[in-house]
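Asks: Hey, dropping final00.tsv in here, TSV, C-alpha atoms:
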chain	number	residue	atom	x	y	z
A	1	MET	CA	47.87	-17.23	7.98
A	2	HIS	CA	44.82	-17.55	10.21
A	3	VAL	CA	43.81	-13.96	9.44
A	4	ILE	CA	44.21	-14.51	5.68
A	5	ALA	CA	42.23	-17.74	5.89
A	6	GLU	CA	39.44	-16.01	7.82
A	7	ILE	CA	39.26	-13.18	5.29
A	8	ALA	CA	39.16	-15.66	2.42
A	9	TRP	CA	36.38	-17.69	4.05
A	10	ASN	CA	34.07	-15.07	5.59
A	11	PRO	CA	32.02	-13.57	2.74
A	12	GLU	CA	30.98	-10.55	4.84
A	13	ILE	CA	34.55	-9.50	5.61
A	14	ARG	CA	35.58	-10.20	2.01
A	15	ASN	CA	32.77	-8.05	0.62
A	16	ILE	CA	33.56	-5.16	2.99
A	17	LEU	CA	37.22	-5.25	2.01
A	18	ALA	CA	36.33	-5.44	-1.70
A	19	LEU	CA	34.10	-2.38	-1.35
A	20	LEU	CA	36.79	-0.45	0.54
A	21	VAL	CA	39.41	-1.31	-2.08
A	22	GLY	CA	37.04	-0.26	-4.87
A	23	VAL	CA	36.24	3.06	-3.20
A	24	ILE	CA	39.89	3.81	-2.43
A	25	VAL	CA	41.09	2.86	-5.92
A	26	LEU	CA	38.35	4.66	-7.86
A	27	PHE	CA	38.03	7.73	-5.67
A	28	GLY	CA	41.74	7.86	-4.89
A	29	SER	CA	42.84	7.53	-8.52
A	30	ILE	CA	40.54	10.35	-9.64
A	31	THR	CA	41.71	12.52	-6.74
A	32	LEU	CA	45.35	11.79	-7.65
A	33	ILE	CA	44.83	12.70	-11.31
A	34	VAL	CA	42.87	15.90	-10.60
A	35	GLY	CA	45.21	16.87	-7.75
A	36	SER	CA	48.29	16.51	-9.96
A	37	ASN	CA	46.82	19.12	-12.30
A	38	ALA	CA	45.05	21.50	-9.90
A	39	GLY	CA	46.94	20.94	-6.67
A	40	PRO	CA	46.03	18.71	-3.74
A	41	ARG	CA	43.60	21.09	-2.01
A	42	THR	CA	41.79	22.30	-5.14
A	43	GLY	CA	41.80	18.79	-6.58
A	44	THR	CA	40.20	17.37	-3.43
A	45	LEU	CA	37.52	20.08	-3.51
A	46	VAL	CA	36.79	19.41	-7.20
A	47	VAL	CA	36.47	15.66	-6.63
A	48	LEU	CA	34.27	16.16	-3.54
A	49	ALA	CA	32.04	18.62	-5.41
A	50	ALA	CA	31.64	16.11	-8.25
A	51	LEU	CA	30.86	13.29	-5.79
A	52	PHE	CA	28.33	15.35	-3.81
A	53	GLY	CA	26.69	16.61	-7.01
A	54	TRP	CA	26.35	13.08	-8.35
A	55	MET	CA	24.90	11.86	-5.04
A	56	ALA	CA	22.40	14.75	-4.95
A	57	THR	CA	21.34	14.00	-8.55
A	58	MET	CA	20.97	10.29	-7.81
A	59	GLY	CA	18.95	11.08	-4.66
A	60	ALA	CA	16.67	13.39	-6.64
A	61	ILE	CA	15.99	10.64	-9.19
A	62	TRP	CA	15.31	8.13	-6.39
A	63	TRP	CA	13.02	10.67	-4.72
A	64	MET	CA	11.13	11.38	-7.94
A	65	TYR	CA	10.50	7.76	-9.00
A	66	GLY	CA	10.35	6.10	-5.57
A	67	ILE	CA	13.29	3.76	-6.26
A	68	GLY	CA	16.72	3.13	-4.80
A	69	MET	CA	16.98	3.50	-1.04
A	70	LYS	CA	13.34	3.30	0.05
A	71	GLY	CA	11.59	3.69	3.38
A	72	GLU	CA	8.46	1.97	4.62
A	73	GLU	CA	5.72	1.36	2.05
A	74	SER	CA	2.15	2.47	2.69
A	75	HIS	CA	0.23	-0.22	4.57
A	76	TRP	CA	-2.78	-0.93	6.76
A	77	ARG	CA	-2.18	-0.69	10.51
A	78	VAL	CA	-4.58	-2.46	12.87
A	79	THR	CA	-6.01	-0.12	15.52
A	80	GLU	CA	-8.49	-2.41	17.26
A	81	ILE	CA	-10.18	-5.81	17.24
A	82	ASN	CA	-13.85	-5.52	18.23
A	83	TYR	CA	-16.05	-8.39	19.37
A	84	GLY	CA	-19.75	-8.21	18.62
A	85	ASP	CA	-21.45	-4.82	18.77
A	86	LEU	CA	-19.71	-2.10	16.76
A	87	SER	CA	-21.42	0.60	18.83
A	88	GLN	CA	-18.83	-0.16	21.53
A	89	ALA	CA	-15.86	0.26	19.20
A	90	ASP	CA	-13.11	2.73	20.06
A	91	ASN	CA	-13.08	4.04	16.48
A	92	ALA	CA	-15.76	6.72	16.10
A	93	LYS	CA	-16.09	5.97	12.39
A	94	ALA	CA	-16.68	2.27	13.10
A	95	ARG	CA	-19.37	3.10	15.67
A	96	GLY	CA	-21.39	4.82	12.93
A	97	LEU	CA	-21.41	1.81	10.60
A	98	LYS	CA	-24.72	-0.05	10.61
A	99	THR	CA	-24.04	-3.36	8.90
A	100	PRO	CA	-27.01	-5.07	7.24
A	101	ASP	CA	-28.47	-8.30	8.57
A	102	GLU	CA	-26.29	-10.65	6.55
A	103	ALA	CA	-28.53	-13.75	6.52
A	104	VAL	CA	-31.74	-11.86	5.75
A	105	LEU	CA	-30.22	-9.70	3.02
A	106	VAL	CA	-28.45	-12.63	1.33
A	107	LYS	CA	-31.71	-14.59	1.25
A	108	GLN	CA	-33.57	-11.63	-0.22
A	109	MET	CA	-30.90	-10.96	-2.87
A	110	LEU	CA	-30.88	-14.59	-4.01
A	111	ALA	CA	-34.68	-14.64	-4.14
A	112	ASP	CA	-34.84	-11.44	-6.21
A	113	HIS	CA	-31.92	-12.39	-8.48
A	114	PRO	CA	-31.64	-16.18	-8.91
A	115	ASP	CA	-28.98	-15.65	-11.60
A	116	LEU	CA	-26.53	-14.46	-8.91
A	117	ALA	CA	-26.04	-17.95	-7.44
A	118	PRO	CA	-24.25	-19.58	-10.42
A	119	VAL	CA	-21.93	-16.57	-10.75
A	120	ALA	CA	-21.04	-16.40	-7.05
A	121	ASN	CA	-20.88	-20.20	-6.70
A	122	PRO	CA	-19.60	-21.60	-10.02
A	123	THR	CA	-18.83	-25.02	-8.44
A	124	LYS	CA	-22.50	-25.36	-7.36
A	125	ASP	CA	-21.49	-26.33	-3.84
A	126	SER	CA	-24.72	-26.95	-1.92
A	127	LYS	CA	-23.05	-25.85	1.34
A	128	HIS	CA	-21.59	-22.64	-0.06
A	129	VAL	CA	-22.03	-19.70	2.33
A	130	TYR	CA	-22.93	-16.56	0.38
A	131	THR	CA	-22.03	-13.08	1.62
A	132	VAL	CA	-23.46	-9.70	0.68
A	133	SER	CA	-20.22	-8.40	-0.85
A	134	GLU	CA	-19.84	-11.62	-2.85
A	135	LEU	CA	-23.32	-11.20	-4.35
A	136	VAL	CA	-22.70	-7.50	-5.08
A	137	ASP	CA	-19.55	-8.52	-6.96
A	138	ALA	CA	-21.51	-11.21	-8.83
A	139	GLY	CA	-24.15	-8.63	-9.79
A	140	SER	CA	-21.52	-6.49	-11.50
A	141	GLN	CA	-20.56	-9.49	-13.67
A	142	LEU	CA	-24.09	-10.11	-14.98
A	143	LYS	CA	-25.11	-9.15	-18.51
A	144	PRO	CA	-26.35	-6.47	-18.13
A	145	PRO	CA	-24.83	-5.64	-14.72
A	146	ALA	CA	-27.18	-5.24	-11.75
A	147	ASP	CA	-26.69	-2.24	-9.44
A	148	LEU	CA	-27.34	-4.13	-6.19
A	149	LYS	CA	-25.75	-1.41	-4.03
A	150	THR	CA	-28.50	1.05	-4.93
A	151	GLN	CA	-31.27	-1.54	-4.87
A	152	TYR	CA	-30.43	-2.81	-1.39
A	153	HIS	CA	-29.19	0.47	0.10
A	154	LEU	CA	-25.51	-0.44	0.26
A	155	ASN	CA	-24.05	2.82	-1.05
A	156	ALA	CA	-21.78	5.01	1.07
A	157	SER	CA	-24.69	7.38	1.79
A	158	ASP	CA	-26.63	4.44	3.30
A	159	LEU	CA	-23.70	3.11	5.38
A	160	ALA	CA	-22.66	6.32	7.17
A	161	GLY	CA	-19.92	7.01	4.63
A	162	TRP	CA	-18.56	3.46	4.52
A	163	ARG	CA	-18.11	1.68	1.17
A	164	ILE	CA	-18.57	-2.07	0.87
A	165	LEU	CA	-15.54	-3.82	-0.65
A	166	VAL	CA	-16.19	-6.72	-3.00
A	167	PRO	CA	-13.86	-9.78	-3.01
A	168	SER	CA	-12.28	-8.76	-6.34
A	169	ASP	CA	-11.22	-5.37	-4.93
A	170	LYS	CA	-7.41	-5.23	-4.48
A	171	GLN	CA	-7.86	-2.94	-1.49
A	172	ARG	CA	-9.92	-5.62	0.24
A	173	GLY	CA	-7.23	-8.19	-0.42
A	174	ASP	CA	-4.59	-6.00	1.24
A	175	ALA	CA	-6.81	-5.26	4.25
A	176	GLN	CA	-7.82	-8.90	4.61
A	177	ALA	CA	-4.18	-10.06	4.64
A	178	VAL	CA	-3.41	-7.61	7.48
A	179	ALA	CA	-6.54	-8.73	9.36
A	180	ASP	CA	-5.49	-12.39	9.00
A	181	ALA	CA	-2.08	-11.64	10.49
A	182	ALA	CA	-3.64	-9.72	13.41
A	183	LEU	CA	-6.22	-12.42	14.18
A	184	ILE	CA	-3.61	-15.18	14.15
A	185	ALA	CA	-1.04	-13.18	16.15
A	186	ASN	CA	-3.61	-12.30	18.84
A	187	LYS	CA	-5.02	-15.88	18.91
A	188	VAL	CA	-8.55	-14.48	18.68
A	189	PHE	CA	-10.13	-17.91	18.19
A	190	GLY	CA	-7.92	-19.83	20.57
A	191	SER	CA	-4.29	-20.86	20.73
A	192	SER	CA	-4.63	-22.84	17.49
A	193	THR	CA	-6.09	-19.94	15.45
A	194	THR	CA	-5.39	-20.22	11.73
A	195	SER	CA	-6.97	-18.74	8.61
A	196	ALA	CA	-9.20	-21.84	8.53
A	197	SER	CA	-10.68	-21.00	11.95
A	198	TYR	CA	-12.91	-18.27	10.54
A	199	LYS	CA	-14.41	-16.91	7.34
A	200	VAL	CA	-14.59	-13.31	6.15
A	201	ILE	CA	-18.13	-11.93	6.07
A	202	ASP	CA	-17.66	-8.50	4.51
A	203	ALA	CA	-15.16	-5.65	4.37
A	204	TYR	CA	-15.70	-1.88	4.28
A	205	ASP	CA	-13.62	1.25	3.92
A	206	THR	CA	-14.19	4.97	4.44
A	207	GLY	CA	-12.23	8.19	4.02
A	208	GLY	CA	-9.12	8.66	1.93
A	209	LYS	CA	-8.93	10.67	-1.24
A	210	ARG	CA	-12.02	10.86	-3.43
A	211	PRO	CA	-12.30	7.74	-5.63
A	212	LEU	CA	-13.08	7.98	-9.33
A	213	PRO	CA	-16.88	7.98	-9.80
A	214	SER	CA	-18.25	4.58	-10.77
A	215	SER	CA	-20.14	6.20	-13.65
A	216	VAL	CA	-16.85	6.94	-15.42
A	217	HIS	CA	-15.93	4.16	-17.82
A	218	ASP	CA	-12.76	3.35	-19.73
A	219	CYS	CA	-11.27	6.27	-21.64
A	220	HIS	CA	-10.38	5.88	-25.32
A	221	PRO	CA	-8.97	9.16	-26.71
A	222	TRP	CA	-9.59	8.07	-30.31
A	223	ASP	CA	-13.29	7.44	-29.61
A	224	PRO	CA	-15.33	10.70	-29.53
A	225	SER	CA	-18.07	9.02	-27.49
A	226	THR	CA	-15.70	8.58	-24.51
A	227	PHE	CA	-14.44	12.17	-24.50
A	228	GLY	CA	-16.48	12.95	-21.39
A	229	ASP	CA	-14.94	10.01	-19.52
A	230	CYS	CA	-11.43	11.11	-20.58
A	231	LYS	CA	-12.09	14.62	-19.34
A	232	GLU	CA	-13.44	13.30	-16.04
A	233	ARG	CA	-10.40	11.07	-15.53
A	234	VAL	CA	-7.97	13.92	-16.30
A	235	TRP	CA	-9.74	16.23	-13.86
A	236	ASP	CA	-9.84	13.51	-11.20
A	237	ASN	CA	-6.05	13.00	-11.50
A	238	ILE	CA	-5.45	16.76	-11.26
A	239	TYR	CA	-7.79	17.09	-8.29
A	240	THR	CA	-6.41	14.16	-6.25
A	241	SER	CA	-2.73	14.96	-6.90
A	242	VAL	CA	-2.65	18.77	-7.06
A	243	VAL	CA	-5.75	20.39	-5.59
A	244	GLN	CA	-6.28	17.91	-2.73
A	245	VAL	CA	-2.84	18.25	-1.14
A	246	THR	CA	-3.60	16.62	2.22
A	247	HIS	CA	-4.37	12.93	2.67
A	248	PRO	CA	-7.60	12.44	4.65
A	249	GLU	CA	-7.64	9.57	7.12
A	250	HIS	CA	-8.49	6.28	5.45
A	251	PHE	CA	-10.08	3.49	7.51
A	252	ALA	CA	-10.92	-0.12	6.71
A	253	LEU	CA	-12.99	-2.70	8.56
A	254	VAL	CA	-12.87	-6.46	8.00
A	255	GLN	CA	-15.59	-8.55	9.64
A	256	VAL	CA	-15.13	-12.28	10.25
A	257	ARG	CA	-16.95	-15.01	12.14
A	258	GLN	CA	-15.70	-18.30	13.53
A	259	VAL	CA	-16.62	-21.40	11.55
A	260	VAL	CA	-17.84	-24.79	12.79
A	261	PRO	CA	-14.85	-27.13	13.25
A	262	GLN	CA	-14.94	-29.89	10.62
A	263	GLU	CA	-12.63	-32.81	10.11
A	264	THR	CA	-10.87	-33.08	6.77
A	265	VAL	CA	-11.08	-36.57	5.28
A	266	PRO	CA	-7.71	-37.70	3.87
A	267	GLY	CA	-7.73	-37.75	0.09
A	268	GLN	CA	-10.79	-35.52	-0.19
A	269	ALA	CA	-11.27	-31.79	-0.68
A	270	PRO	CA	-11.49	-29.68	2.50
A	271	PRO	CA	-15.10	-29.31	3.71
A	272	THR	CA	-16.96	-26.08	2.97
A	273	PRO	CA	-16.66	-23.73	5.99
A	274	GLU	CA	-19.92	-22.99	7.79
A	275	PHE	CA	-20.47	-20.01	10.10
A	276	ASP	CA	-20.89	-20.79	13.78
A	277	GLN	CA	-23.95	-18.59	14.43
A	278	THR	CA	-23.43	-18.87	18.19
A	279	LYS	CA	-20.16	-16.92	17.94
A	280	PRO	CA	-20.03	-13.10	17.68
A	281	VAL	CA	-18.85	-11.20	14.64
A	282	VAL	CA	-15.23	-10.02	15.04
A	283	SER	CA	-14.38	-6.70	13.39
A	284	VAL	CA	-10.78	-5.74	12.67
A	285	ALA	CA	-10.47	-1.95	12.35
A	286	MET	CA	-7.41	-0.47	10.68
A	287	ILE	CA	-6.08	2.85	9.42
A	288	ARG	CA	-3.99	3.48	6.32
A	289	SER	CA	-0.42	4.48	7.08
A	290	LEU	CA	1.19	6.35	4.19
A	291	GLY	CA	4.68	5.21	5.23
A	292	ASP	CA	7.85	7.10	4.28
A	293	LYS	CA	8.87	5.45	1.02
A	294	ARG	CA	10.59	8.54	-0.43
A	295	PHE	CA	11.97	9.99	2.81
A	296	PRO	CA	15.46	8.36	2.67
A	297	ALA	CA	15.90	9.58	-0.93
A	298	PHE	CA	14.75	13.06	0.12
A	299	MET	CA	17.32	13.16	2.94
A	300	ILE	CA	20.09	12.01	0.56
A	301	THR	CA	19.13	14.78	-1.88
A	302	LEU	CA	18.99	17.39	0.87
A	303	ILE	CA	22.25	16.47	2.64
A	304	PHE	CA	24.38	15.99	-0.46
A	305	GLY	CA	22.77	19.02	-2.11
A	306	ILE	CA	23.92	21.16	0.82
A	307	LEU	CA	27.41	19.61	0.72
A	308	PHE	CA	27.55	20.20	-3.05
A	309	ALA	CA	26.64	23.87	-2.55
A	310	VAL	CA	29.26	24.25	0.22
A	311	THR	CA	32.08	22.73	-1.87
A	312	CYS	CA	31.10	24.75	-4.94
A	313	ASN	CA	31.09	27.91	-2.83
A	314	ALA	CA	34.53	27.01	-1.45
A	315	LEU	CA	35.84	26.54	-5.00
A	316	HIS	CA	34.30	29.84	-6.08
A	317	ARG	CA	35.89	31.75	-3.17
A	318	ARG	CA	39.21	30.04	-3.88
A	319	ASP	CA	39.05	31.13	-7.54
A	320	LYS	CA	38.26	34.73	-6.53
A	321	LEU	CA	41.14	34.76	-4.04
A	322	GLN	CA	43.53	33.37	-6.64
A	323	ALA	CA	42.39	35.96	-9.21
A	324	ALA	CA	42.92	38.77	-6.68
A	325	HIS	CA	46.45	37.54	-5.91
A	326	LEU	CA	47.30	37.32	-9.61
A	327	ALA	CA	45.95	40.84	-10.20
A	328	ALA	CA	47.98	42.20	-7.30
A	329	ALA	CA	51.15	40.62	-8.63
The structure in this file should be written as structure tokens.

Replies:
Amino acid sequence: MHVIAEIAWNPEIRNILALLVGVIVLFGSITLIVGSNAGPRTGTLVVLAALFGWMATMGAIWWMYGIGMKGEESHWRVTEINYGDLSQADNAKARGLKTPDEAVLVKQMLADHPDLAPVANPTKDSKHVYTVSELVDAGSQLKPPADLKTQYHLNASDLAGWRILVPSDKQRGDAQAVADAALIANKVFGSSTTSASYKVIDAYDTGGKRPLPSSVHDCHPWDPSTFGDCKERVWDNIYTSVVQVTHPEHFALVQVRQVVPQETVPGQAPPTPEFDQTKPVVSVAMIRSLGDKRFPAFMITLIFGILFAVTCNALHRRDKLQAAHLAAA
């Protein structure tokens, strides 16, 4: 009675037993039916061949679409946290990055383009701290857009191959989330380090597969004027997925600086963070790991494909042997 009560109560044991009963009933019933017509040995081989073939087909579909049993997704992996001067960084790519003087460049950009301020700071917060990447993003939203990267020498050719990532870039959001986790886990700004202890200055990336040129706009096949953009997009997809087989190393760098501690007044909005200019810039360097999302599905396809071939070969040899015996009789 105690055993029955334990089985009835423990959901894990109950689920395991339910699965075993299902497998035995379904697989066993099919084996019994096929075996009663073809014999126990041949019937078992037929059922196993069908099972292995179905598993190989399912694995191939999982492998093709990246679904089902999946491995590790692609992600950013932190390689180093650098304090201050990037010329002392372990990453050779990071040592080549010459970041602009943030305060000077921001002041110059706002002076040259006063219309950037209301776009980058829609709440008109007088204490808002502007960053270069934030203003570059605001420039792309102007009518007409302003190419601030070229004007202020912020293209990849000016930054030793590094590309500045604007706040609206999804890639920056992913890298920034990983940097936040690393900074908090390593208690970079003290034992009470939180995401409120610092503010992101800028983020950069370099390497990886060639991005689509910024000059290529949206493609509309029904519009003859965008035919060139459609052709460029098609060629880019062919190049990055077929011609460029290897995946070049892809690096990202997120730079943050500690903010001045401020007390939050109950019932009021949190104060605007202000950079503590006496603290050094902290750079979180990371590399893109491609993961192994499709590897489990590939192994299922490979293993069960081999087993399917073995059982089919055994059935084929059994049929030939049976035919030879019948011919001899």

Asks: Which is closest to Ala177 of chain A among A:Ile303, A:Met109, A:Ala203, A:Met64, if we use all atoms listed in the file?

Replies: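 Under the stated criterion, the closest residue is A:Ala203.
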
Asks: Work out how far atom CA of Arg77 of chain A is from atom CA of Leu290 of chain A, in Å to one decimal.

Replies: 10.0 Å

Asks: Considering all atoms listed in the file, can you say which of A:Glu80, A:Glu72, A:Asp85, A:Glu102 comes closest to Gln277 of chain A?

Replies: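 Counting all atoms listed in the file, the residue closest to Gln277 of chain A is A:Glu102.
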
Asks: Which is closer to His113 of chain A than all the others in A:Thr44, A:Thr246, A:Gln151, A:Ser191, using all atoms listed in the file?

Replies: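 Nearest candidate to His113 of chain A out of A:Thr44, A:Thr246, A:Gln151, A:Ser191: A:Gln151.
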
Asks: Please provide as JSON, numbers by chain all residues within 10 Å of segment 129-138 of chain A, with the sequence filter that same-chain residues fewer than 6 positions apart are discarded (counting only C-alpha atoms).

Replies: {"A": [100, 101, 102, 103, 104, 105, 106, 107, 109, 110, 113, 115, 116, 117, 118, 119, 120, 121, 145, 146, 147, 148, 149, 152, 154, 164, 165, 166, 167, 168, 169, 199, 200, 201, 202, 203, 204, 272, 273, 274, 275]}

Asks: Please compute the atom CA of Ile287 of chain A-atom CA of Gly139 of chain A distance, one decimal, in Å.

Replies: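 Answer for the atom CA of Ile287 of chain A to atom CA of Gly139 of chain A separation: 28.8 Å.
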
Asks: From the set A:Leu253, A:Val46, A:Leu51, A:Val234, which residue has the shortest atom-to-atom contact distance to Arg95 of chain A, counting only C-alpha atoms?

Replies: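 Distance minimum relative to Arg95 of chain A lands on A:Leu253.
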
Asks: Please indicate the distance in Å from atom CA of Lys293 of chain A to atom CA of Gly66 of chain A, rounded to one decimal place.

Replies: 6.8 Å

Asks: Return as lines of an AutoDock Vina configuration file the centre and edge lengths, in Å with one decimal, of the box along x, y and z that encloses every atom of segment 111-114 of chain A in the file, padded by 8 Å per side.

Replies:
center_x = -33.2
center_y = -13.8
center_z = -6.5
size_x = 19.2
size_y = 20.7
size_z = 20.8

Asks: For a cutoff of 8 Å around the file-coordinate point (14.8, 5.7, -0.5), which residues qualify once you count all atoms listed in the file? I'd like the result as a count of residues only.

Replies: 15

Asks: I'd like the contact shell of Gly43 of chain A - 12 Å cut-off, all atoms listed in the file, skipping same-chain residues fewer than 2 positions apart - returned as a list in words.

Replies: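 Near neighbours after the sequence-gap exclusion: Phe27, Gly28, Ser29, Ile30, Thr31, Leu32, Ile33, Val34, Gly35, Ser36, Asn37, Ala38, Gly39, Pro40, Arg41, Leu45, Val46, Val47, Leu48, Ala49, Ala50, Thr311, Leu315 and Arg318 of chain A.
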
Asks: List the neighbours of Asn91 of chain A out to 12 Å using all atoms listed in the file; skip same-chain residues closer than 4 positions along the sequence, and give me the result as a list in words.

Replies: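 Result of the neighbour search: Val78, Thr79, Glu80, Ile81, Asn82, Leu86, Ser87, Arg95, Gly96, Leu97, Phe251, Ala252, Leu253, Ser283, Val284, Ala285, Met286 and Ile287 of chain A.
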
Asks: Under the rule that only C-alpha atoms are counted, which of A:Asp205, A:Leu307, A:His247, A:His316 is the nearest residue to Arg172 of chain A?

Replies: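 Between A:Asp205, A:Leu307, A:His247, A:His316, the residue approaching Arg172 of chain A most closely is A:Asp205.
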
Asks: Counting only C-alpha atoms, find the residues whose atoms lie at most 8 Å from (-6.0, 8.4, 8.5) (file coordinates) and write them out as a list of chain:residue names.

Replies: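 Checking each residue against the 8 Å limit leaves A:Gly207, A:Gly208, A:His247, A:Pro248, A:Glu249, A:His250, A:Phe251, A:Ile287, A:Arg288, A:Ser289.
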
Asks: Would you pick out the contacts of segment 304-306 of chain A at 10 Å or less, using only C-alpha atoms, so that residues sharing its chain but fewer than 3 positions from it are not included, and give the list as a ChimeraX atom specification?

Replies: /A:49,51-60,299-301,309-312
